[in-house]
$ cat input_0.cif   # mmCIF, N, CA and C atoms
data_protein
#
loop_
_atom_site.label_atom_id
_atom_site.label_comp_id
_atom_site.auth_asym_id
_atom_site.auth_seq_id
_atom_site.Cartn_x
_atom_site.Cartn_y
_atom_site.Cartn_z
N MET W 1 99.21 67.66 127.85
CA MET W 1 99.19 69.10 127.67
C MET W 1 100.15 69.47 126.54
N ALA W 2 99.82 70.50 125.81
CA ALA W 2 100.67 70.93 124.70
C ALA W 2 101.99 71.48 125.22
N LYS W 3 103.03 71.25 124.44
CA LYS W 3 104.35 71.76 124.82
C LYS W 3 104.36 73.28 124.68
N LYS W 4 105.23 73.91 125.44
CA LYS W 4 105.36 75.37 125.39
C LYS W 4 106.48 75.74 124.43
N THR W 5 106.30 76.86 123.74
CA THR W 5 107.36 77.37 122.90
C THR W 5 108.23 78.30 123.74
N ILE W 6 109.22 78.88 123.13
CA ILE W 6 110.17 79.73 123.85
C ILE W 6 109.46 80.85 124.60
N ASP W 7 108.44 81.46 124.00
CA ASP W 7 107.76 82.57 124.67
C ASP W 7 106.62 82.10 125.57
N GLN W 8 106.61 80.81 125.90
CA GLN W 8 105.67 80.21 126.84
C GLN W 8 104.22 80.17 126.32
N GLN W 9 104.01 80.27 125.04
CA GLN W 9 102.69 80.11 124.45
C GLN W 9 102.55 78.67 123.97
N PRO W 10 101.37 78.06 124.16
CA PRO W 10 101.20 76.69 123.66
C PRO W 10 101.31 76.67 122.14
N SER W 11 102.00 75.70 121.62
CA SER W 11 102.15 75.56 120.19
C SER W 11 100.88 74.93 119.62
N MET W 12 100.31 75.57 118.60
CA MET W 12 99.10 75.02 117.99
C MET W 12 99.40 73.71 117.29
N ILE W 13 100.61 73.54 116.77
CA ILE W 13 100.97 72.28 116.12
C ILE W 13 100.88 71.14 117.12
N ASP W 14 101.44 71.35 118.31
CA ASP W 14 101.38 70.34 119.36
C ASP W 14 99.95 70.10 119.82
N THR W 15 99.17 71.17 119.86
CA THR W 15 97.76 71.04 120.27
C THR W 15 96.99 70.23 119.24
N PHE W 16 97.23 70.47 117.94
CA PHE W 16 96.58 69.68 116.89
C PHE W 16 96.94 68.20 117.04
N ARG W 17 98.22 67.95 117.27
CA ARG W 17 98.70 66.57 117.43
C ARG W 17 98.02 65.92 118.65
N GLU W 18 97.93 66.68 119.72
CA GLU W 18 97.32 66.17 120.95
C GLU W 18 95.84 65.84 120.74
N PHE W 19 95.12 66.70 120.04
CA PHE W 19 93.71 66.44 119.79
C PHE W 19 93.53 65.20 118.92
N LYS W 20 94.39 65.03 117.94
CA LYS W 20 94.29 63.87 117.08
C LYS W 20 94.49 62.59 117.88
N GLU W 21 95.46 62.62 118.79
CA GLU W 21 95.80 61.42 119.57
C GLU W 21 94.79 61.14 120.68
N THR W 22 94.43 62.17 121.45
CA THR W 22 93.60 61.93 122.63
C THR W 22 92.10 62.04 122.38
N LYS W 23 91.70 62.91 121.49
CA LYS W 23 90.27 63.15 121.27
C LYS W 23 89.75 62.47 120.01
N ASN W 24 90.65 61.88 119.23
CA ASN W 24 90.28 61.21 117.99
C ASN W 24 89.58 62.18 117.02
N ILE W 25 90.12 63.39 116.93
CA ILE W 25 89.59 64.41 116.03
C ILE W 25 90.68 64.68 114.99
N ASP W 26 90.32 64.47 113.72
CA ASP W 26 91.34 64.66 112.68
C ASP W 26 91.62 66.14 112.46
N ARG W 27 92.74 66.40 111.84
CA ARG W 27 93.25 67.76 111.67
C ARG W 27 92.31 68.65 110.85
N ALA W 28 91.76 68.14 109.77
CA ALA W 28 90.86 68.92 108.93
C ALA W 28 89.61 69.35 109.70
N THR W 29 89.08 68.44 110.49
CA THR W 29 87.90 68.76 111.30
C THR W 29 88.24 69.81 112.35
N LEU W 30 89.39 69.68 112.98
CA LEU W 30 89.80 70.63 113.99
C LEU W 30 90.01 72.02 113.38
N VAL W 31 90.60 72.10 112.20
CA VAL W 31 90.78 73.38 111.52
C VAL W 31 89.42 74.00 111.23
N SER W 32 88.50 73.19 110.76
CA SER W 32 87.15 73.66 110.48
C SER W 32 86.47 74.20 111.74
N VAL W 33 86.62 73.49 112.84
CA VAL W 33 86.04 73.91 114.11
C VAL W 33 86.66 75.23 114.58
N LEU W 34 87.97 75.35 114.43
CA LEU W 34 88.64 76.60 114.81
C LEU W 34 88.12 77.78 113.98
N GLU W 35 88.03 77.59 112.67
CA GLU W 35 87.54 78.66 111.80
C GLU W 35 86.12 79.06 112.18
N GLU W 36 85.28 78.07 112.39
CA GLU W 36 83.89 78.33 112.76
C GLU W 36 83.80 79.05 114.11
N SER W 37 84.63 78.66 115.06
CA SER W 37 84.63 79.30 116.37
C SER W 37 85.09 80.75 116.29
N PHE W 38 86.14 81.02 115.51
CA PHE W 38 86.58 82.40 115.31
C PHE W 38 85.48 83.22 114.67
N ARG W 39 84.81 82.63 113.68
CA ARG W 39 83.73 83.34 112.99
C ARG W 39 82.57 83.66 113.94
N ASN W 40 82.25 82.75 114.84
CA ASN W 40 81.19 83.01 115.83
C ASN W 40 81.54 84.20 116.71
N VAL W 41 82.77 84.26 117.17
CA VAL W 41 83.20 85.37 118.03
C VAL W 41 83.19 86.68 117.24
N ILE W 42 83.68 86.64 116.00
CA ILE W 42 83.70 87.84 115.16
C ILE W 42 82.28 88.34 114.91
N ALA W 43 81.37 87.41 114.62
CA ALA W 43 79.97 87.79 114.37
C ALA W 43 79.35 88.44 115.60
N LYS W 44 79.66 87.95 116.79
CA LYS W 44 79.14 88.55 118.01
C LYS W 44 79.70 89.95 118.24
N MET W 45 80.96 90.15 117.88
CA MET W 45 81.60 91.44 118.11
C MET W 45 81.22 92.49 117.07
N PHE W 46 81.12 92.08 115.81
CA PHE W 46 80.91 93.03 114.72
C PHE W 46 79.52 92.95 114.10
N GLY W 47 78.70 92.02 114.55
CA GLY W 47 77.36 91.89 113.99
C GLY W 47 77.29 90.98 112.78
N SER W 48 78.41 90.74 112.13
CA SER W 48 78.47 89.87 110.96
C SER W 48 79.92 89.43 110.75
N ASP W 49 80.06 88.25 110.19
CA ASP W 49 81.41 87.77 109.86
C ASP W 49 81.59 87.62 108.35
N SER W 50 80.62 88.12 107.58
CA SER W 50 80.62 87.91 106.13
C SER W 50 81.79 88.58 105.42
N ASN W 51 82.34 89.64 105.98
CA ASN W 51 83.45 90.33 105.33
C ASN W 51 84.80 90.03 105.99
N PHE W 52 84.87 88.91 106.71
CA PHE W 52 86.11 88.50 107.35
C PHE W 52 86.61 87.20 106.72
N ASN W 53 87.92 87.08 106.62
CA ASN W 53 88.55 85.84 106.20
C ASN W 53 89.33 85.31 107.39
N VAL W 54 89.08 84.06 107.74
CA VAL W 54 89.80 83.40 108.83
C VAL W 54 90.64 82.30 108.20
N ILE W 55 91.94 82.36 108.44
CA ILE W 55 92.86 81.39 107.85
C ILE W 55 93.60 80.70 108.99
N VAL W 56 93.38 79.40 109.13
CA VAL W 56 94.08 78.60 110.14
C VAL W 56 95.11 77.76 109.40
N ASN W 57 96.36 77.87 109.83
CA ASN W 57 97.44 77.13 109.20
C ASN W 57 98.00 76.11 110.20
N PRO W 58 97.54 74.87 110.11
CA PRO W 58 98.00 73.87 111.08
C PRO W 58 99.47 73.48 110.89
N ASP W 59 100.00 73.69 109.69
CA ASP W 59 101.41 73.35 109.45
C ASP W 59 102.35 74.30 110.18
N LYS W 60 101.99 75.58 110.22
CA LYS W 60 102.80 76.56 110.94
C LYS W 60 102.34 76.71 112.39
N GLY W 61 101.11 76.30 112.66
CA GLY W 61 100.59 76.43 114.02
C GLY W 61 100.10 77.83 114.34
N ASP W 62 99.59 78.54 113.32
CA ASP W 62 99.09 79.89 113.57
C ASP W 62 97.79 80.14 112.82
N PHE W 63 97.25 81.33 112.99
CA PHE W 63 96.04 81.72 112.30
C PHE W 63 96.12 83.20 111.98
N GLU W 64 95.34 83.61 110.99
CA GLU W 64 95.25 85.01 110.60
C GLU W 64 93.80 85.35 110.35
N ILE W 65 93.45 86.58 110.69
CA ILE W 65 92.10 87.08 110.44
C ILE W 65 92.24 88.38 109.66
N TYR W 66 91.47 88.49 108.56
CA TYR W 66 91.48 89.69 107.74
C TYR W 66 90.06 90.23 107.64
N ARG W 67 89.93 91.57 107.74
CA ARG W 67 88.64 92.22 107.54
C ARG W 67 88.70 92.96 106.21
N ASN W 68 87.70 92.73 105.39
CA ASN W 68 87.62 93.35 104.06
C ASN W 68 86.55 94.44 104.10
N ARG W 69 86.94 95.65 103.69
CA ARG W 69 86.01 96.77 103.66
C ARG W 69 86.14 97.52 102.34
N VAL W 70 85.10 98.22 101.97
CA VAL W 70 85.07 99.01 100.74
C VAL W 70 85.37 100.46 101.09
N VAL W 71 86.20 101.10 100.28
CA VAL W 71 86.54 102.51 100.49
C VAL W 71 85.38 103.38 99.99
N VAL W 72 84.92 104.27 100.87
CA VAL W 72 83.85 105.22 100.52
C VAL W 72 84.37 106.63 100.78
N PRO W 73 83.73 107.65 100.17
CA PRO W 73 84.19 109.02 100.41
C PRO W 73 84.10 109.38 101.91
N ASP W 74 84.97 110.27 102.34
CA ASP W 74 84.95 110.72 103.74
C ASP W 74 83.58 111.24 104.12
N GLY W 75 83.11 110.87 105.30
CA GLY W 75 81.81 111.32 105.80
C GLY W 75 80.64 110.49 105.32
N GLU W 76 80.85 109.50 104.49
CA GLU W 76 79.75 108.69 103.95
C GLU W 76 79.77 107.25 104.45
N VAL W 77 80.51 106.98 105.53
CA VAL W 77 80.58 105.63 106.09
C VAL W 77 79.27 105.35 106.83
N SER W 78 78.51 104.37 106.34
CA SER W 78 77.25 104.02 107.00
C SER W 78 77.39 102.78 107.89
N ASP W 79 78.34 101.91 107.56
CA ASP W 79 78.62 100.71 108.35
C ASP W 79 80.13 100.57 108.47
N SER W 80 80.66 100.95 109.64
CA SER W 80 82.11 100.96 109.82
C SER W 80 82.74 99.57 109.76
N ASN W 81 81.91 98.53 109.88
CA ASN W 81 82.42 97.17 109.76
C ASN W 81 82.69 96.80 108.31
N LYS W 82 81.89 97.35 107.39
CA LYS W 82 82.01 96.97 105.99
C LYS W 82 82.55 98.08 105.10
N GLU W 83 82.63 99.29 105.65
CA GLU W 83 83.11 100.42 104.87
C GLU W 83 84.21 101.17 105.63
N ILE W 84 85.09 101.82 104.88
CA ILE W 84 86.16 102.60 105.47
C ILE W 84 86.26 103.92 104.71
N ALA W 85 86.45 105.00 105.45
CA ALA W 85 86.57 106.32 104.83
C ALA W 85 87.86 106.38 104.02
N LEU W 86 87.83 107.15 102.95
CA LEU W 86 88.98 107.29 102.06
C LEU W 86 90.23 107.73 102.83
N SER W 87 90.08 108.70 103.72
CA SER W 87 91.25 109.21 104.45
C SER W 87 91.85 108.12 105.36
N GLU W 88 91.00 107.29 105.97
CA GLU W 88 91.48 106.19 106.81
C GLU W 88 92.19 105.12 105.97
N ALA W 89 91.61 104.82 104.81
CA ALA W 89 92.22 103.83 103.92
C ALA W 89 93.58 104.30 103.43
N GLN W 90 93.69 105.61 103.17
CA GLN W 90 94.96 106.14 102.68
C GLN W 90 96.03 106.18 103.76
N LYS W 91 95.63 106.07 105.02
CA LYS W 91 96.61 105.93 106.10
C LYS W 91 97.26 104.54 106.05
N ILE W 92 96.50 103.56 105.56
CA ILE W 92 97.02 102.20 105.42
C ILE W 92 97.93 102.13 104.20
N GLU W 93 97.44 102.63 103.09
CA GLU W 93 98.21 102.68 101.85
C GLU W 93 97.74 103.90 101.06
N SER W 94 98.67 104.72 100.67
CA SER W 94 98.33 106.05 100.12
C SER W 94 97.61 106.02 98.77
N ASP W 95 97.64 104.94 98.03
CA ASP W 95 97.03 104.94 96.69
C ASP W 95 95.63 104.36 96.62
N TYR W 96 94.96 104.15 97.77
CA TYR W 96 93.58 103.66 97.74
C TYR W 96 92.65 104.72 97.17
N GLU W 97 91.63 104.26 96.43
CA GLU W 97 90.63 105.15 95.86
C GLU W 97 89.25 104.64 96.22
N VAL W 98 88.24 105.51 96.11
CA VAL W 98 86.86 105.16 96.42
C VAL W 98 86.44 103.98 95.55
N GLY W 99 85.79 103.00 96.19
CA GLY W 99 85.30 101.82 95.49
C GLY W 99 86.21 100.60 95.59
N GLU W 100 87.46 100.81 96.00
CA GLU W 100 88.39 99.69 96.12
C GLU W 100 88.15 98.94 97.43
N ASP W 101 88.62 97.71 97.44
CA ASP W 101 88.52 96.88 98.65
C ASP W 101 89.81 97.01 99.46
N VAL W 102 89.64 97.15 100.77
CA VAL W 102 90.77 97.22 101.69
C VAL W 102 90.72 95.96 102.55
N SER W 103 91.82 95.25 102.60
CA SER W 103 91.92 94.06 103.42
C SER W 103 92.94 94.33 104.52
N GLU W 104 92.47 94.32 105.77
CA GLU W 104 93.35 94.60 106.91
C GLU W 104 93.48 93.37 107.78
N ARG W 105 94.69 93.13 108.24
CA ARG W 105 94.89 92.04 109.19
C ARG W 105 94.36 92.48 110.55
N VAL W 106 93.64 91.59 111.21
CA VAL W 106 93.04 91.86 112.51
C VAL W 106 93.84 91.12 113.57
N ASP W 107 94.23 91.84 114.61
CA ASP W 107 94.97 91.24 115.71
C ASP W 107 93.97 90.74 116.75
N PHE W 108 93.74 89.43 116.77
CA PHE W 108 92.73 88.85 117.66
C PHE W 108 93.05 89.10 119.13
N THR W 109 94.31 89.21 119.47
CA THR W 109 94.67 89.42 120.88
C THR W 109 94.18 90.77 121.40
N LYS W 110 93.90 91.70 120.49
CA LYS W 110 93.40 93.01 120.91
C LYS W 110 91.88 93.04 121.07
N PHE W 111 91.23 91.91 120.82
CA PHE W 111 89.77 91.85 120.97
C PHE W 111 89.35 91.91 122.43
N GLY W 112 90.23 91.54 123.30
CA GLY W 112 89.91 91.62 124.72
C GLY W 112 89.64 90.27 125.36
N ARG W 113 89.61 90.32 126.66
CA ARG W 113 89.45 89.13 127.48
C ARG W 113 88.13 88.41 127.22
N ARG W 114 87.07 89.18 127.09
CA ARG W 114 85.75 88.60 126.89
C ARG W 114 85.67 87.79 125.59
N ALA W 115 86.26 88.32 124.53
CA ALA W 115 86.26 87.61 123.24
C ALA W 115 87.08 86.32 123.33
N ILE W 116 88.21 86.38 124.03
CA ILE W 116 89.05 85.20 124.19
C ILE W 116 88.30 84.13 124.98
N LEU W 117 87.63 84.54 126.05
CA LEU W 117 86.86 83.58 126.85
C LEU W 117 85.70 83.00 126.04
N ASN W 118 85.06 83.83 125.23
CA ASN W 118 83.98 83.37 124.37
C ASN W 118 84.50 82.35 123.37
N LEU W 119 85.67 82.61 122.79
CA LEU W 119 86.28 81.66 121.86
C LEU W 119 86.57 80.35 122.56
N ARG W 120 87.13 80.43 123.74
CA ARG W 120 87.46 79.22 124.51
C ARG W 120 86.21 78.40 124.78
N GLN W 121 85.14 79.06 125.20
CA GLN W 121 83.89 78.36 125.50
C GLN W 121 83.30 77.74 124.23
N THR W 122 83.33 78.46 123.14
CA THR W 122 82.80 77.93 121.87
C THR W 122 83.60 76.72 121.42
N LEU W 123 84.92 76.82 121.50
CA LEU W 123 85.78 75.69 121.11
C LEU W 123 85.52 74.47 121.99
N ALA W 124 85.45 74.69 123.30
CA ALA W 124 85.22 73.57 124.22
C ALA W 124 83.90 72.88 123.90
N SER W 125 82.87 73.67 123.63
CA SER W 125 81.56 73.12 123.31
C SER W 125 81.58 72.30 122.02
N LYS W 126 82.22 72.84 120.99
CA LYS W 126 82.27 72.14 119.70
C LYS W 126 83.12 70.87 119.79
N ILE W 127 84.20 70.92 120.54
CA ILE W 127 85.06 69.73 120.68
C ILE W 127 84.33 68.65 121.46
N LEU W 128 83.58 69.04 122.48
CA LEU W 128 82.79 68.07 123.24
C LEU W 128 81.73 67.44 122.33
N GLU W 129 81.12 68.23 121.49
CA GLU W 129 80.14 67.72 120.54
C GLU W 129 80.78 66.73 119.57
N LEU W 130 81.99 67.05 119.09
CA LEU W 130 82.70 66.13 118.19
C LEU W 130 83.05 64.82 118.90
N GLU W 131 83.46 64.92 120.16
CA GLU W 131 83.77 63.71 120.93
C GLU W 131 82.53 62.83 121.07
N HIS W 132 81.40 63.45 121.36
CA HIS W 132 80.15 62.68 121.50
C HIS W 132 79.79 62.00 120.19
N ASP W 133 79.90 62.74 119.08
CA ASP W 133 79.59 62.17 117.77
C ASP W 133 80.52 61.01 117.44
N SER W 134 81.81 61.19 117.74
CA SER W 134 82.79 60.13 117.47
C SER W 134 82.47 58.87 118.29
N LEU W 135 82.15 59.06 119.54
CA LEU W 135 81.82 57.93 120.42
C LEU W 135 80.55 57.24 119.95
N TYR W 136 79.54 58.02 119.57
CA TYR W 136 78.29 57.46 119.08
C TYR W 136 78.54 56.64 117.81
N ASN W 137 79.30 57.22 116.86
CA ASN W 137 79.57 56.51 115.60
C ASN W 137 80.38 55.24 115.82
N LYS W 138 81.21 55.24 116.84
CA LYS W 138 82.04 54.07 117.13
C LYS W 138 81.18 52.90 117.60
N TYR W 139 80.13 53.17 118.36
CA TYR W 139 79.35 52.09 118.96
C TYR W 139 77.95 51.91 118.40
N LYS W 140 77.49 52.77 117.50
CA LYS W 140 76.11 52.68 117.02
C LYS W 140 75.82 51.36 116.30
N ASP W 141 76.80 50.83 115.60
CA ASP W 141 76.58 49.59 114.86
C ASP W 141 76.61 48.36 115.76
N LEU W 142 77.05 48.52 116.98
CA LEU W 142 77.14 47.39 117.91
C LEU W 142 75.89 47.20 118.76
N VAL W 143 74.93 48.10 118.63
CA VAL W 143 73.74 48.06 119.48
C VAL W 143 73.03 46.70 119.41
N ASP W 144 72.80 46.20 118.25
CA ASP W 144 72.08 44.93 118.11
C ASP W 144 72.96 43.71 118.35
N SER W 145 74.26 43.88 118.33
CA SER W 145 75.16 42.74 118.50
C SER W 145 75.49 42.44 119.95
N ILE W 146 75.17 43.32 120.83
CA ILE W 146 75.46 43.11 122.26
C ILE W 146 74.25 42.42 122.88
N ALA W 147 74.49 41.27 123.44
CA ALA W 147 73.39 40.51 124.06
C ALA W 147 73.16 41.02 125.48
N CYS W 148 71.90 41.08 125.84
CA CYS W 148 71.53 41.50 127.20
C CYS W 148 71.24 40.25 128.01
N TYR W 149 71.85 40.16 129.17
CA TYR W 149 71.65 39.03 130.04
C TYR W 149 70.95 39.50 131.32
N LYS W 150 70.09 38.62 131.85
CA LYS W 150 69.41 38.91 133.11
C LYS W 150 70.12 38.27 134.24
#
$ encode --input "input_0.cif" --output "C-alpha cells"
Amino acid sequence: MAKKTIDQQPSMIDTFREFKETKNIDRATLVSVLEESFRNVIAKMFGSDSNFNVIVNPDKGDFEIYRNRVVVPDGEVSDSNKEIALSEAQKIESDYEVGEDVSERVDFTKFGRRAILNLRQTLASKILELEHDSLYNKYKDLVDSIACYK
C-alpha cells in the first residue's frame, strides 16, 4: 500500500513506485493511463475533453487540469464548456477581451463523488488491461517451447 503523507493522502510518487514494482507497469505508461482516465471522466461530465489540458507530474506526485475557453460578448455564450462571457472572464482577470482564450485551473475534488468513483473504476479497468497485456507478452513466445505431456 502507498505510504501516507502528513495530511493522510496517499502519495502519488509512492503509488507510481508501487505500480512499477508490483504491477510491472512503467512510469510513462502509468502517466498516460492517468491522463486518459481523467480525460474519460471529463468527457462524461462536460460532453467533450477537447478543450481541457491534463498534466500529470510523477516527479511531484500531483496533477493539474485546465479548461480553456474563448471569451465571447455577454449573453452570447452558446456552449458554456467552450465559451465564457466577457463579464465572467473579467472576474478572473480584469483585462480579458472578446476573442481571447481563458485558461482556468479545474479543481477535480469539486467534481463530486460520482466522478471520483468513475475515475477509480476507469483506472482499475485500464490497469487490469495493462497487467493482462504484460502477462501475455511475457509468455507468448514460450507457447511452442513448452512440451505437453500425457
$ resolve_selection --input "input_0.cif" --expression "the PyMOL selection byres ((chain W and resi 98-107) around 5)" --output "number ranges by chain"
W: 65-72, 96-97, 108-110
$ atom_distance --input "input_0.cif" --atom1 "CA of Arg114 in chain W" --atom2 "atom C of Glu76 in chain W"
29.8 Å
$ resolve_selection --input "input_0.cif" --expression "the PyMOL selection byres ((chain W and resi 30-44) around 7)" --output "number ranges by chain"
W: 25-29, 45-50, 54-56, 115, 118-119, 122-123, 126
$ atom_distance --input "input_0.cif" --atom1 "atom C of Leu117 in chain W" --atom2 "atom N of Asp133 in chain W"
22.2 Å
$ atom_distance --input "input_0.cif" --atom1 "CA of Asn81 in chain W" --atom2 "CA of Glu64 in chain W"
17.7 Å
$ axis_aligned_box --input "input_0.cif" --around "range 72-84 of chain W" --padding-each-side "4 Å" --output "AutoDock Vina command-line options"
--center_x 81.8 --center_y 104.1 --center_z 105.0 --size_x 17.0 --size_y 22.5 --size_z 17.7
$ residues_around --input "input_0.cif" --residues "Ala85 in chain W" --least-positions-apart "5" --cutoff "6 Å" --atoms "only N, CA and C atoms" --output "list in words"
Val71, Val72, Pro73, Asp74, Gly75, Val77 and Gln90 of chain W
$ write_last_selection --input "input_0.cif" --atoms "N, CA and C atoms" --output "PDB file, in the frame of the given file"
ATOM      1  N   VAL W  71      86.200 101.100 100.280  1.00  0.00           N
ATOM      2  CA  VAL W  71      86.540 102.510 100.490  1.00  0.00           C
ATOM      3  C   VAL W  71      85.380 103.380  99.990  1.00  0.00           C
ATOM      4  N   VAL W  72      84.920 104.270 100.870  1.00  0.00           N
ATOM      5  CA  VAL W  72      83.850 105.220 100.520  1.00  0.00           C
ATOM      6  C   VAL W  72      84.370 106.630 100.780  1.00  0.00           C
ATOM      7  N   PRO W  73      83.730 107.650 100.170  1.00  0.00           N
ATOM      8  CA  PRO W  73      84.190 109.020 100.410  1.00  0.00           C
ATOM      9  C   PRO W  73      84.100 109.380 101.910  1.00  0.00           C
ATOM     10  N   ASP W  74      84.970 110.270 102.340  1.00  0.00           N
ATOM     11  CA  ASP W  74      84.950 110.720 103.740  1.00  0.00           C
ATOM     12  C   ASP W  74      83.580 111.240 104.120  1.00  0.00           C
ATOM     13  N   GLY W  75      83.110 110.870 105.300  1.00  0.00           N
ATOM     14  CA  GLY W  75      81.810 111.320 105.800  1.00  0.00           C
ATOM     15  C   GLY W  75      80.640 110.490 105.320  1.00  0.00           C
ATOM     16  N   VAL W  77      80.510 106.980 105.530  1.00  0.00           N
ATOM     17  CA  VAL W  77      80.580 105.630 106.090  1.00  0.00           C
ATOM     18  C   VAL W  77      79.270 105.350 106.830  1.00  0.00           C
ATOM     19  N   GLN W  90      93.690 105.610 103.170  1.00  0.00           N
ATOM     20  CA  GLN W  90      94.960 106.140 102.680  1.00  0.00           C
ATOM     21  C   GLN W  90      96.030 106.180 103.760  1.00  0.00           C
TER      22      GLN W  90
END
$ decode --input "input_0.cif" --residues "range 105-117 of chain W" --atoms "N, CA and C atoms" --output "CSV table (one decimal), in the first residue's frame"
chain,number,residue,atom,x,y,z
W,105,ARG,N,-7.8,26.8,-14.0
W,105,ARG,CA,-7.5,25.6,-13.3
W,105,ARG,C,-8.8,25.0,-12.8
W,106,VAL,N,-8.9,23.7,-13.0
W,106,VAL,CA,-10.1,23.0,-12.5
W,106,VAL,C,-9.8,22.1,-11.3
W,107,ASP,N,-10.5,22.3,-10.2
W,107,ASP,CA,-10.3,21.5,-9.0
W,107,ASP,C,-11.1,20.2,-9.1
W,108,PHE,N,-10.4,19.1,-9.4
W,108,PHE,CA,-11.1,17.8,-9.6
W,108,PHE,C,-11.8,17.3,-8.4
W,109,THR,N,-11.4,17.7,-7.2
W,109,THR,CA,-12.1,17.3,-6.0
W,109,THR,C,-13.5,17.8,-5.9
W,110,LYS,N,-13.7,18.9,-6.6
W,110,LYS,CA,-15.1,19.5,-6.6
W,110,LYS,C,-16.0,18.9,-7.6
W,111,PHE,N,-15.5,17.9,-8.3
W,111,PHE,CA,-16.4,17.2,-9.3
W,111,PHE,C,-17.4,16.3,-8.7
W,112,GLY,N,-17.1,15.9,-7.5
W,112,GLY,CA,-18.1,15.1,-6.8
W,112,GLY,C,-17.7,13.6,-6.7
W,113,ARG,N,-18.5,13.0,-5.8
W,113,ARG,CA,-18.2,11.6,-5.5
W,113,ARG,C,-18.4,10.7,-6.7
W,114,ARG,N,-19.4,10.9,-7.5
W,114,ARG,CA,-19.6,10.1,-8.7
W,114,ARG,C,-18.4,10.1,-9.7
W,115,ALA,N,-17.9,11.3,-9.9
W,115,ALA,CA,-16.8,11.5,-10.8
W,115,ALA,C,-15.5,10.7,-10.3
W,116,ILE,N,-15.3,10.9,-9.0
W,116,ILE,CA,-14.2,10.2,-8.3
W,116,ILE,C,-14.3,8.7,-8.5
W,117,LEU,N,-15.5,8.2,-8.2
W,117,LEU,CA,-15.7,6.7,-8.4
W,117,LEU,C,-15.6,6.3,-9.8
